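Peer 1: Please see the structure below; I have some questions.
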Amino acid sequence: MKASKWISLVLLLSFYVTALVFYQQMPARMASHWDSSGAVNGYTSRFLGLFLLPFIATTLTALFLAIPVIDPLKANIAKFRLYFDWFIVLFLLFFEYLYILTILWNKNVVFGFTQALLPAMGILFIYIGIMIRNAKRNYMIGIRTPWTLANDEVWNRTHSLGGKLFIAAGVLSSLGAIWPKYAIIFIMVPILTVTFVTLIYSYIIYKQVTRSG
């Protein structure tokens with residue numbers, strides 16, 4: 001088994017071990033959701049507060065691991081599989097970090113939740129940018145528009161730009177920790193920009209490629 005898969009397995013197991021260790025220490029009603037300013041705006045039971053996130057992480061990991069097997073273009077996924085496998089590890093580390101922040105908050109440790117979370121979110125976006133710059137055409141991973149899926153050149157050029165934009169979005173999201181009051185702007189504006197720009201860009205490139213072809 002690859003090192004990345006061993007690490008993913010250990011991270012998944014650590015969720016459940018942590019839940020069992022801290023179960024009796026958590027309040028019956030746990031804070032489970034925070035708004036963009038870091039104020040609590042949602043609560044749940046102790047059981048869901050400790051086991052829902054591990055369950056979601058486990059389910060998503062199983063889905064991620066299935067993608068290279070079920071995608072019709074799985075041969076292309078194999079070409080950047082190393083990046084994808086380490087994305088799974090980073091994704092689980094992000095969830096683990098979020099999980100630890102949730103537990104600390106419910107143990108009355110005082111900190112700015114949004115300020116603590118945004119840098120980790122930024123790192124995740126940056127790695128996604130690196131991964132998709134190396135991604136080959138497939139149906140499940142990357143910037144999937146009708147035009148990128150139809151043509152390898154359109155896919156490659158769109159992902160070259162999209163990767164850079166995701167990295168920029170990650171940097172901007174991290175900067176949101178400095179101004180937590182405007183955190184939602186530092187997250188949503190870059191992501192919406194990436195989505196809109198890559199959509200339009202892929203269409204333009206597709207038209208250029210098909211005209212020249």
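All residue names refer to the structure tokens as shown: chains lettered A, B, ... in order, residues numbered from 1 in each chain, ligands numbered from 1 in order.
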Show me, as a list of chain:residue names, the residues that have an atom within 6 Å of segment 198-213 of chain A when counting only C-alpha atoms, minus same-chain residues fewer than 5 positions from it.

Peer 2: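 Once the adjacent positions are removed, what remains is A:Trp147, A:Val154, A:Thr158.
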
Peer 1: With N, CA and C atoms retained, export the selected residues as a tab-separated table (two decimals), in the first residue's frame.

Peer 2:
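Printed below is again-v3.tsv as written:
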chain	number	residue	atom	x	y	z
A	147	TRP	N	-16.70	22.13	-22.70
A	147	TRP	CA	-15.62	22.39	-23.65
A	147	TRP	C	-14.31	21.75	-23.19
A	154	VAL	N	-8.12	22.13	-24.91
A	154	VAL	CA	-8.95	23.04	-24.12
A	154	VAL	C	-8.82	22.71	-22.64
A	158	THR	N	-7.11	25.40	-20.07
A	158	THR	CA	-8.01	25.89	-19.01
A	158	THR	C	-7.47	25.55	-17.63

Peer 1: Contacts of Ile191 of chain A at 12 Å or less, counting only C-alpha atoms, minus same-chain residues fewer than 4 places along, as an NGL selection string?

Peer 2: :A and (121-122 or 125-126 or 129 or 162-163 or 165-173 or 184-187 or 195-198)

Peer 1: Based on the selection just made, write N, CA and C atoms of those residues as a PDB file, in the first residue's frame.

Peer 2:
ATOM      1  N   MET A 121      -7.741  26.584   5.036  1.00  0.00           N
ATOM      2  CA  MET A 121      -8.538  26.558   3.819  1.00  0.00           C
ATOM      3  C   MET A 121      -7.723  27.078   2.636  1.00  0.00           C
ATOM      4  N   GLY A 122      -6.925  28.109   2.898  1.00  0.00           N
ATOM      5  CA  GLY A 122      -6.075  28.648   1.848  1.00  0.00           C
ATOM      6  C   GLY A 122      -5.064  27.634   1.346  1.00  0.00           C
ATOM      7  N   PHE A 125      -6.815  25.187  -0.949  1.00  0.00           N
ATOM      8  CA  PHE A 125      -7.041  25.767  -2.277  1.00  0.00           C
ATOM      9  C   PHE A 125      -5.747  25.794  -3.094  1.00  0.00           C
ATOM     10  N   ILE A 126      -4.648  26.156  -2.449  1.00  0.00           N
ATOM     11  CA  ILE A 126      -3.368  26.220  -3.151  1.00  0.00           C
ATOM     12  C   ILE A 126      -2.991  24.847  -3.701  1.00  0.00           C
ATOM     13  N   GLY A 129      -4.977  23.943  -6.670  1.00  0.00           N
ATOM     14  CA  GLY A 129      -4.428  24.602  -7.848  1.00  0.00           C
ATOM     15  C   GLY A 129      -3.259  23.840  -8.433  1.00  0.00           C
ATOM     16  N   GLY A 162      -6.569  27.826 -14.632  1.00  0.00           N
ATOM     17  CA  GLY A 162      -7.346  27.563 -13.422  1.00  0.00           C
ATOM     18  C   GLY A 162      -6.480  27.228 -12.227  1.00  0.00           C
ATOM     19  N   GLY A 163      -5.394  26.491 -12.467  1.00  0.00           N
ATOM     20  CA  GLY A 163      -4.481  26.167 -11.372  1.00  0.00           C
ATOM     21  C   GLY A 163      -3.880  27.414 -10.762  1.00  0.00           C
ATOM     22  N   LEU A 165      -5.153  30.413 -10.845  1.00  0.00           N
ATOM     23  CA  LEU A 165      -6.218  31.166 -10.178  1.00  0.00           C
ATOM     24  C   LEU A 165      -6.571  30.543  -8.827  1.00  0.00           C
ATOM     25  N   PHE A 166      -6.569  29.211  -8.742  1.00  0.00           N
ATOM     26  CA  PHE A 166      -6.836  28.550  -7.463  1.00  0.00           C
ATOM     27  C   PHE A 166      -5.745  28.866  -6.450  1.00  0.00           C
ATOM     28  N   ILE A 167      -4.509  28.903  -6.897  1.00  0.00           N
ATOM     29  CA  ILE A 167      -3.409  29.250  -5.990  1.00  0.00           C
ATOM     30  C   ILE A 167      -3.592  30.675  -5.480  1.00  0.00           C
ATOM     31  N   ALA A 168      -3.954  31.586  -6.389  1.00  0.00           N
ATOM     32  CA  ALA A 168      -4.216  32.968  -5.975  1.00  0.00           C
ATOM     33  C   ALA A 168      -5.390  33.039  -5.006  1.00  0.00           C
ATOM     34  N   ALA A 169      -6.437  32.236  -5.261  1.00  0.00           N
ATOM     35  CA  ALA A 169      -7.595  32.205  -4.373  1.00  0.00           C
ATOM     36  C   ALA A 169      -7.198  31.700  -2.987  1.00  0.00           C
ATOM     37  N   GLY A 170      -6.277  30.740  -2.945  1.00  0.00           N
ATOM     38  CA  GLY A 170      -5.810  30.231  -1.661  1.00  0.00           C
ATOM     39  C   GLY A 170      -5.069  31.283  -0.869  1.00  0.00           C
ATOM     40  N   VAL A 171      -4.234  32.050  -1.557  1.00  0.00           N
ATOM     41  CA  VAL A 171      -3.496  33.123  -0.883  1.00  0.00           C
ATOM     42  C   VAL A 171      -4.464  34.173  -0.350  1.00  0.00           C
ATOM     43  N   LEU A 172      -5.441  34.554  -1.164  1.00  0.00           N
ATOM     44  CA  LEU A 172      -6.410  35.568  -0.735  1.00  0.00           C
ATOM     45  C   LEU A 172      -7.271  35.064   0.422  1.00  0.00           C
ATOM     46  N   SER A 173      -7.665  33.796   0.379  1.00  0.00           N
ATOM     47  CA  SER A 173      -8.459  33.220   1.470  1.00  0.00           C
ATOM     48  C   SER A 173      -7.677  33.254   2.779  1.00  0.00           C
ATOM     49  N   ILE A 184     -15.916  36.170   4.523  1.00  0.00           N
ATOM     50  CA  ILE A 184     -16.752  35.594   3.465  1.00  0.00           C
ATOM     51  C   ILE A 184     -16.387  36.181   2.113  1.00  0.00           C
ATOM     52  N   ILE A 185     -15.979  37.460   2.095  1.00  0.00           N
ATOM     53  CA  ILE A 185     -15.569  38.110   0.847  1.00  0.00           C
ATOM     54  C   ILE A 185     -14.271  37.499   0.342  1.00  0.00           C
ATOM     55  N   PHE A 186     -13.320  37.268   1.257  1.00  0.00           N
ATOM     56  CA  PHE A 186     -12.027  36.708   0.873  1.00  0.00           C
ATOM     57  C   PHE A 186     -12.143  35.259   0.398  1.00  0.00           C
ATOM     58  N   ILE A 187     -13.239  34.601   0.755  1.00  0.00           N
ATOM     59  CA  ILE A 187     -13.448  33.226   0.303  1.00  0.00           C
ATOM     60  C   ILE A 187     -14.276  33.184  -0.974  1.00  0.00           C
ATOM     61  N   THR A 195     -14.404  30.335 -10.902  1.00  0.00           N
ATOM     62  CA  THR A 195     -15.473  29.615 -11.601  1.00  0.00           C
ATOM     63  C   THR A 195     -15.884  30.347 -12.878  1.00  0.00           C
ATOM     64  N   PHE A 196     -16.120  31.641 -12.758  1.00  0.00           N
ATOM     65  CA  PHE A 196     -16.599  32.419 -13.907  1.00  0.00           C
ATOM     66  C   PHE A 196     -15.518  32.532 -14.988  1.00  0.00           C
ATOM     67  N   VAL A 197     -14.302  32.850 -14.583  1.00  0.00           N
ATOM     68  CA  VAL A 197     -13.216  33.059 -15.558  1.00  0.00           C
ATOM     69  C   VAL A 197     -12.902  31.769 -16.313  1.00  0.00           C
ATOM     70  N   THR A 198     -12.802  30.649 -15.596  1.00  0.00           N
ATOM     71  CA  THR A 198     -12.459  29.388 -16.273  1.00  0.00           C
ATOM     72  C   THR A 198     -13.591  28.911 -17.181  1.00  0.00           C
TER      73      THR A 198
END

Peer 1: Could you list, as a PDB file with N, CA and C atoms, in the first residue's frame, every residue within 7 Å of segment 71-87 of chain A, counting only C-alpha atoms and ignoring same-chain residues fewer than 6 positions away?

Peer 2:
ATOM      1  N   SER A   4       0.713   7.337   1.003  1.00  0.00           N
ATOM      2  CA  SER A   4      -0.430   8.254   1.114  1.00  0.00           C
ATOM      3  C   SER A   4      -1.681   7.529   1.607  1.00  0.00           C
ATOM      4  N   MET A 131      -2.691  20.621  -8.069  1.00  0.00           N
ATOM      5  CA  MET A 131      -3.177  19.345  -8.598  1.00  0.00           C
ATOM      6  C   MET A 131      -3.820  19.521  -9.965  1.00  0.00           C
ATOM      7  N   ASN A 134      -1.835  19.811 -13.080  1.00  0.00           N
ATOM      8  CA  ASN A 134      -1.253  18.553 -13.551  1.00  0.00           C
ATOM      9  C   ASN A 134      -2.309  17.534 -13.961  1.00  0.00           C
ATOM     10  N   ALA A 135      -3.575  17.879 -13.808  1.00  0.00           N
ATOM     11  CA  ALA A 135      -4.654  16.932 -14.094  1.00  0.00           C
ATOM     12  C   ALA A 135      -4.833  16.734 -15.600  1.00  0.00           C
ATOM     13  N   LYS A 136      -5.118  15.509 -15.967  1.00  0.00           N
ATOM     14  CA  LYS A 136      -5.450  15.180 -17.344  1.00  0.00           C
ATOM     15  C   LYS A 136      -6.959  15.007 -17.469  1.00  0.00           C
ATOM     16  N   ARG A 137      -7.440  15.088 -18.673  1.00  0.00           N
ATOM     17  CA  ARG A 137      -8.884  15.104 -18.899  1.00  0.00           C
ATOM     18  C   ARG A 137      -9.574  13.878 -18.306  1.00  0.00           C
ATOM     19  N   ASN A 138     -10.584  14.126 -17.498  1.00  0.00           N
ATOM     20  CA  ASN A 138     -11.397  13.073 -16.904  1.00  0.00           C
ATOM     21  C   ASN A 138     -12.745  13.669 -16.550  1.00  0.00           C
ATOM     22  N   TYR A 139     -13.644  12.843 -16.046  1.00  0.00           N
ATOM     23  CA  TYR A 139     -15.013  13.300 -15.819  1.00  0.00           C
ATOM     24  C   TYR A 139     -15.303  13.757 -14.392  1.00  0.00           C
TER      25      TYR A 139
END

Peer 1: When DSSP works through the backbone of this structure, what residues of segment 12-197 of chain A end up as helix (DSSP H, G or I), shown as a ChimeraX atom specification?

Peer 2: /A:12-25,46-70,74-78,81-106,113-134,152-175,180-197

Peer 1: Within 12 Å of Tyr182 of chain A, counting only C-alpha atoms, which residues show up once you throw out same-chain ones fewer than 2 positions away? Write them as a PyMOL selection string, please.

Peer 2: chain A and resi 35-38+114-115+118+172-180+184-189

Peer 1: Calculated over only C-alpha atoms, which of the candidates A:Leu11, A:Ile132, A:Thr61, A:Val40 has the smallest distance to Ile88 of chain A?

Peer 2: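 Between A:Leu11, A:Ile132, A:Thr61, A:Val40, the residue approaching Ile88 of chain A most closely is A:Thr61.
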
Peer 1: Find the residue from A:Ile103, A:Leu124, A:Val194, A:Leu60 that sits nearest to Ile143 of chain A; use only C-alpha atoms when measuring.

Peer 2: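 Of A:Ile103, A:Leu124, A:Val194, A:Leu60, the one nearest Ile143 of chain A, counting only C-alpha atoms, is A:Val194.
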
Peer 1: Fewer than 6 positions away in the same chain doesn't count, so skip those; otherwise give me all residues within 9 Å of Ala120 of chain A, counting only C-alpha atoms, as a CSV table (one decimal) with C-alpha atoms, in the first residue's frame.

Peer 2:
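Listing of around.csv after writing:
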chain,number,residue,atom,x,y,z
A,94,PHE,CA,-8.0,19.8,6.8
A,97,TYR,CA,-7.9,20.4,11.8
A,98,LEU,CA,-11.5,21.5,11.7
A,174,SER,CA,-5.6,33.0,3.9

Peer 1: When you look at segment 51-54 of chain A with a cut-off of 8 Å (counting only C-alpha atoms), what residues show up, excluding the ones that are within fewer than 2 positions of it in the same chain? I need them as a PyMOL selection string.

Peer 2: chain A and resi 12+15-16+19+47-49+56-58+95+99

Peer 1: Which of these residues is nearest to Leu104 of chain A, using only C-alpha atoms: A:Leu192, A:Met140, A:Ala183, A:Leu50?

Peer 2: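 When distances to Leu104 of chain A are compared using only C-alpha atoms, the smallest one comes from A:Leu50.
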
Peer 1: Rounded to one decimal in Å, what is the spacing between atom CA of Leu92 of chain A and atom CA of Leu149 of chain A?

Peer 2: 28.0 Å

Peer 1: Report as a ChimeraX atom specification all protein, DNA and RNA residues lying within 7 Å of Tyr43 of chain A, evaluated on only C-alpha atoms, omitting residues in the same chain fewer than 6 positions from it.

Peer 2: /A:29-33

Peer 1: Run DSSP on the backbone and grab whatever in segment 38-168 of chain A lands in strand (DSSP E or B); send it over as a list in words.

Peer 2: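 Everything in segment 38-168 of chain A that counts as strand (DSSP E or B) is Val40, Asn41, Gly42, Tyr43, Thr44 and Ser45 of chain A.
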